[in-house]
Amino acid sequence: MRRIFYLIWGIIALGLCHSCKVNKGEETALFSGVDMEPQSMGQATALSSVFKSHRLIPLETNDSSLIGGRGNKILKHRSRFYVMSQNTIVSFDKEGRYMNRLSSIGEGPEDYVSIYDYDVLTVGGKDEIWISTVGGIKIYDVENLSFKRQIPIEGFVNQFCYVNDSTIWVVSPEDKVFKICDADGNVRFRFGDKDLANSGSKFHQFFTLPGKVVYQLDDTQTGVVYDIHSDSMYYQPIILAEGVLTPAINKDYFDRYGYGEQMAKVSDVYTRISTVRTLGDSYLFTLFCPDGEKKMLVCTDGKSAVYSYGSGKSLVNDIFPSDDLTFLSTAICCRGDDSFLFMIPVEVLDEDSEANPVLLEVM
């Protein structure tokens, strides 16, 4: 099986962009020795024993802070929480109290038409909200929400990642999907041919490892790696495991069934990696397996464990009163700078369905 994986990486490497340096020796997985089988088969595990340090943060609900829609990207940056609610960014303090709301929809030079992606960053000692919109990236002050500057980038910026002061990684719908730009938006090089079979977009497909930034291709076990030290890009497996979706399998199912049925057919046979979160030496995966099974892999202090929270759940929720553990899947839309985050819909807590969600923060 491993030889098959290596053959796939070799085939993919033949299509790499010739305008950038390519590291051709990356045949090992980004995460090695990952065992995806639950360690506690038939044995209940308390959620509080998995997340020993945790807290619940109810997000204040009022006319200004009410969060709309279900697709909400949530960030924690320097003790504040930020939630993308349709075309606005709502911010809350560390206790969940409403702070302010970025809403500058319009046609003017300081406005944006829509928000495709956003991040909250500290650049030059200043906290800023970056949003990708028509024409590139627009930047606003965190405190007073005033417009600061724009980084013009040609084409659409579907997603982006600020790598460092000299590098911004952009995901676009163009023939070459990935652009590496400088701080002024000038494209340094392009990488990766458009592949509709592996084009599924998630809130957080970027994650970081020492000296690397990685973009997960769809729900597969393959990442596009940007190596900070060599300023190069290449493909590398996230994990090597049997029965896990690969880009080649995705492409085969796309060709056979089309985009509409591709995911349903794949999900019947293969395990999909829904979430990859890294935090220092710790990491967290959520896995969607055939037969409706869901698993969460947590690695802290060099020790990893897998817990089932789907049809054959082995976790007992003793943090708040609910048997519904599907909120663990919301790690896909949450990212913290010093913690792992999950979003708990209020209906899971049997509360007012018009209220904002509650966040579960674990360290």
# chains A, B, ... in the order shown; residues from 1 in each chain; ligands from 1
>>> closest_atom_pairs(of="range 88-133 of chain A", to="range 143-146 of chain A", cutoff="10 Å", atoms="only C-alpha atoms", output="JSON lines")
{"residue": "A:Ser91", "atom": "CA", "partner": "A:Glu143", "partner_atom": "CA", "distance": 9.9}
{"residue": "A:Met99", "atom": "CA", "partner": "A:Glu143", "partner_atom": "CA", "distance": 8.9}
{"residue": "A:Asn100", "atom": "CA", "partner": "A:Glu143", "partner_atom": "CA", "distance": 8.1}
{"residue": "A:Arg101", "atom": "CA", "partner": "A:Leu145", "partner_atom": "CA", "distance": 8.0}
{"residue": "A:Leu102", "atom": "CA", "partner": "A:Leu145", "partner_atom": "CA", "distance": 6.2}
{"residue": "A:Ser103", "atom": "CA", "partner": "A:Leu145", "partner_atom": "CA", "distance": 8.8}
{"residue": "A:Ser104", "atom": "CA", "partner": "A:Leu145", "partner_atom": "CA", "distance": 9.2}
{"residue": "A:Glu110", "atom": "CA", "partner": "A:Ser146", "partner_atom": "CA", "distance": 8.6}
{"residue": "A:Lys126", "atom": "CA", "partner": "A:Glu143", "partner_atom": "CA", "distance": 9.9}
{"residue": "A:Asp127", "atom": "CA", "partner": "A:Glu143", "partner_atom": "CA", "distance": 8.1}
{"residue": "A:Glu128", "atom": "CA", "partner": "A:Glu143", "partner_atom": "CA", "distance": 8.5}
{"residue": "A:Ile129", "atom": "CA", "partner": "A:Leu145", "partner_atom": "CA", "distance": 8.2}
>>> write_last_selection(atoms="C-alpha atoms", output="CSV table (one decimal), in the first residue's frame")
chain,number,residue,atom,x,y,z
A,91,SER,CA,-15.5,40.7,17.8
A,99,MET,CA,-16.7,44.6,21.4
A,100,ASN,CA,-17.4,45.9,17.9
A,101,ARG,CA,-18.5,45.0,14.4
A,102,LEU,CA,-16.6,45.5,11.1
A,103,SER,CA,-19.3,46.3,8.5
A,104,SER,CA,-18.0,48.5,5.6
A,110,GLU,CA,-12.2,52.0,2.0
A,126,LYS,CA,-0.4,46.6,15.5
A,127,ASP,CA,-3.4,44.3,15.6
A,128,GLU,CA,-5.3,44.3,12.2
A,129,ILE,CA,-8.2,42.6,10.5
>>> residues_around(residues="Met343 in chain A", least_positions_apart="3", cutoff="10 Å", atoms="only C-alpha atoms", output="ChimeraX atom specification")
/A:56-58,72-74,327-334,346,357-361
>>> select_by_dssp(residues="range 31-200 of chain A", states="strand (DSSP E or B)", output="PyMOL selection string")
chain A and resi 45-46+54-58+74-77+80-85+88-92+98-102+105+112+117-123+126-133+136-141+147-152+159-164+167-171+176-181+187-193
>>> select_by_dssp(residues="range 141-329 of chain A", states="helix (DSSP H, G or I)", output="PyMOL selection string")
chain A and resi 196-198+247-267+290-292+326-329
>>> write_last_selection(atoms="C-alpha atoms", output="PDB file, in the first residue's frame")
ATOM      1  CA  LEU A 196     -11.919  20.493  -9.799  1.00  0.00           C
ATOM      2  CA  ALA A 197     -11.932  17.063  -8.171  1.00  0.00           C
ATOM      3  CA  ASN A 198      -9.899  18.368  -5.221  1.00  0.00           C
ATOM      4  CA  PRO A 247      -6.295  13.235  -4.449  1.00  0.00           C
ATOM      5  CA  ALA A 248      -5.990  10.396  -6.971  1.00  0.00           C
ATOM      6  CA  ILE A 249      -9.042   8.636  -5.526  1.00  0.00           C
ATOM      7  CA  ASN A 250     -10.978  11.911  -5.484  1.00  0.00           C
ATOM      8  CA  LYS A 251     -10.096  12.457  -9.144  1.00  0.00           C
ATOM      9  CA  ASP A 252     -11.193   8.934 -10.067  1.00  0.00           C
ATOM     10  CA  TYR A 253     -14.580   9.365  -8.368  1.00  0.00           C
ATOM     11  CA  PHE A 254     -14.997  12.814  -9.924  1.00  0.00           C
ATOM     12  CA  ASP A 255     -14.383  11.396 -13.387  1.00  0.00           C
ATOM     13  CA  ARG A 256     -16.811   8.522 -12.793  1.00  0.00           C
ATOM     14  CA  TYR A 257     -19.669  10.239 -10.962  1.00  0.00           C
ATOM     15  CA  GLY A 258     -19.266  14.004 -11.419  1.00  0.00           C
ATOM     16  CA  TYR A 259     -19.008  16.688  -8.760  1.00  0.00           C
ATOM     17  CA  GLY A 260     -22.563  16.232  -7.458  1.00  0.00           C
ATOM     18  CA  GLU A 261     -22.150  12.595  -6.404  1.00  0.00           C
ATOM     19  CA  GLN A 262     -18.406  12.501  -5.846  1.00  0.00           C
ATOM     20  CA  MET A 263     -18.410  13.162  -2.094  1.00  0.00           C
ATOM     21  CA  ALA A 264     -21.306  10.832  -1.290  1.00  0.00           C
ATOM     22  CA  LYS A 265     -19.697   7.966  -3.187  1.00  0.00           C
ATOM     23  CA  VAL A 266     -16.250   8.591  -1.677  1.00  0.00           C
ATOM     24  CA  SER A 267     -17.678   8.820   1.850  1.00  0.00           C
ATOM     25  CA  PRO A 290     -17.606   5.228   6.393  1.00  0.00           C
ATOM     26  CA  ASP A 291     -20.865   4.147   8.071  1.00  0.00           C
ATOM     27  CA  GLY A 292     -21.285   7.551   9.739  1.00  0.00           C
ATOM     28  CA  THR A 326     -21.272  16.604  16.770  1.00  0.00           C
ATOM     29  CA  PHE A 327     -20.001  20.014  17.920  1.00  0.00           C
ATOM     30  CA  LEU A 328     -16.524  18.438  17.893  1.00  0.00           C
ATOM     31  CA  SER A 329     -16.707  18.613  14.098  1.00  0.00           C
TER      32      SER A 329
END
>>> closest_residue(among="A:His77, A:Gln205, A:Phe31, A:Cys289", to="Gly312 in chain A", atoms="only C-alpha atoms")
A:Cys289
>>> residues_around(residues="range 147-162 of chain A", least_positions_apart="4", cutoff="10 Å", atoms="only C-alpha atoms", output="short mmCIF file (atom, residue, chain, number, x, y, z; two decimals) with C-alpha atoms, in the first residue's frame")
data_model
loop_
_atom_site.label_atom_id
_atom_site.label_comp_id
_atom_site.auth_asym_id
_atom_site.auth_seq_id
_atom_site.Cartn_x
_atom_site.Cartn_y
_atom_site.Cartn_z
CA SER A 104 -18.03 48.46 5.62
CA PRO A 109 -11.97 52.77 -1.76
CA GLU A 110 -12.21 52.01 1.98
CA ASP A 111 -15.17 49.64 1.58
CA ILE A 115 -15.70 39.03 2.40
CA TYR A 116 -14.24 35.85 0.93
CA ASP A 117 -11.80 35.16 3.77
CA TYR A 118 -10.35 36.98 6.76
CA ASP A 119 -7.66 36.81 9.42
CA VAL A 120 -6.63 38.82 12.46
CA LEU A 121 -2.92 39.53 12.63
CA VAL A 123 1.84 43.25 12.00
CA GLU A 128 -5.26 44.32 12.23
CA ILE A 129 -8.22 42.65 10.54
CA TRP A 130 -7.34 41.46 7.04
CA ILE A 131 -10.14 40.57 4.63
CA SER A 132 -9.93 39.27 1.08
CA THR A 133 -12.39 40.86 -1.28
CA VAL A 134 -12.65 42.09 -4.86
CA GLY A 135 -9.28 43.59 -5.81
CA GLY A 136 -7.17 41.91 -3.15
CA ILE A 137 -6.83 42.31 0.61
CA LYS A 138 -8.13 45.24 2.66
CA ILE A 139 -6.83 45.94 6.14
CA TYR A 140 -8.62 47.56 9.09
CA ASP A 141 -7.62 48.57 12.61
CA VAL A 142 -8.87 46.14 15.26
CA SER A 166 7.63 39.22 2.96
CA THR A 167 5.21 36.44 2.03
CA ILE A 168 1.45 36.12 1.55
CA TRP A 169 0.03 32.85 0.23
CA VAL A 170 -3.09 33.28 -1.91
CA VAL A 171 -5.58 30.66 -3.13
CA SER A 172 -7.35 31.65 -6.35
CA PRO A 173 -9.73 30.05 -8.89
CA GLU A 174 -7.21 30.55 -11.70
CA VAL A 177 -4.31 27.86 -7.98
CA PHE A 178 -1.65 29.05 -5.53
CA LYS A 179 0.23 32.33 -5.62
CA ILE A 180 3.12 33.34 -3.41
CA CYS A 181 3.12 37.14 -3.16
CA ASP A 182 5.29 39.72 -1.47
CA ALA A 183 3.95 42.21 1.08
CA ASP A 184 2.78 44.53 -1.73
CA GLY A 185 0.81 41.81 -3.53
CA ASN A 186 3.34 41.21 -6.30
CA VAL A 187 3.30 37.56 -7.37
CA SER A 201 -13.07 24.86 0.08
CA LYS A 202 -13.08 24.81 3.88
CA PHE A 203 -12.78 27.59 6.43
CA HIS A 204 -9.29 26.54 7.54
CA GLN A 205 -7.29 24.51 5.09
CA PHE A 206 -4.02 26.09 6.24
CA PHE A 207 -2.03 24.80 9.19
CA VAL A 213 2.83 26.27 6.08
CA VAL A 214 0.53 23.57 4.70
CA TYR A 215 -2.71 23.74 2.72
#
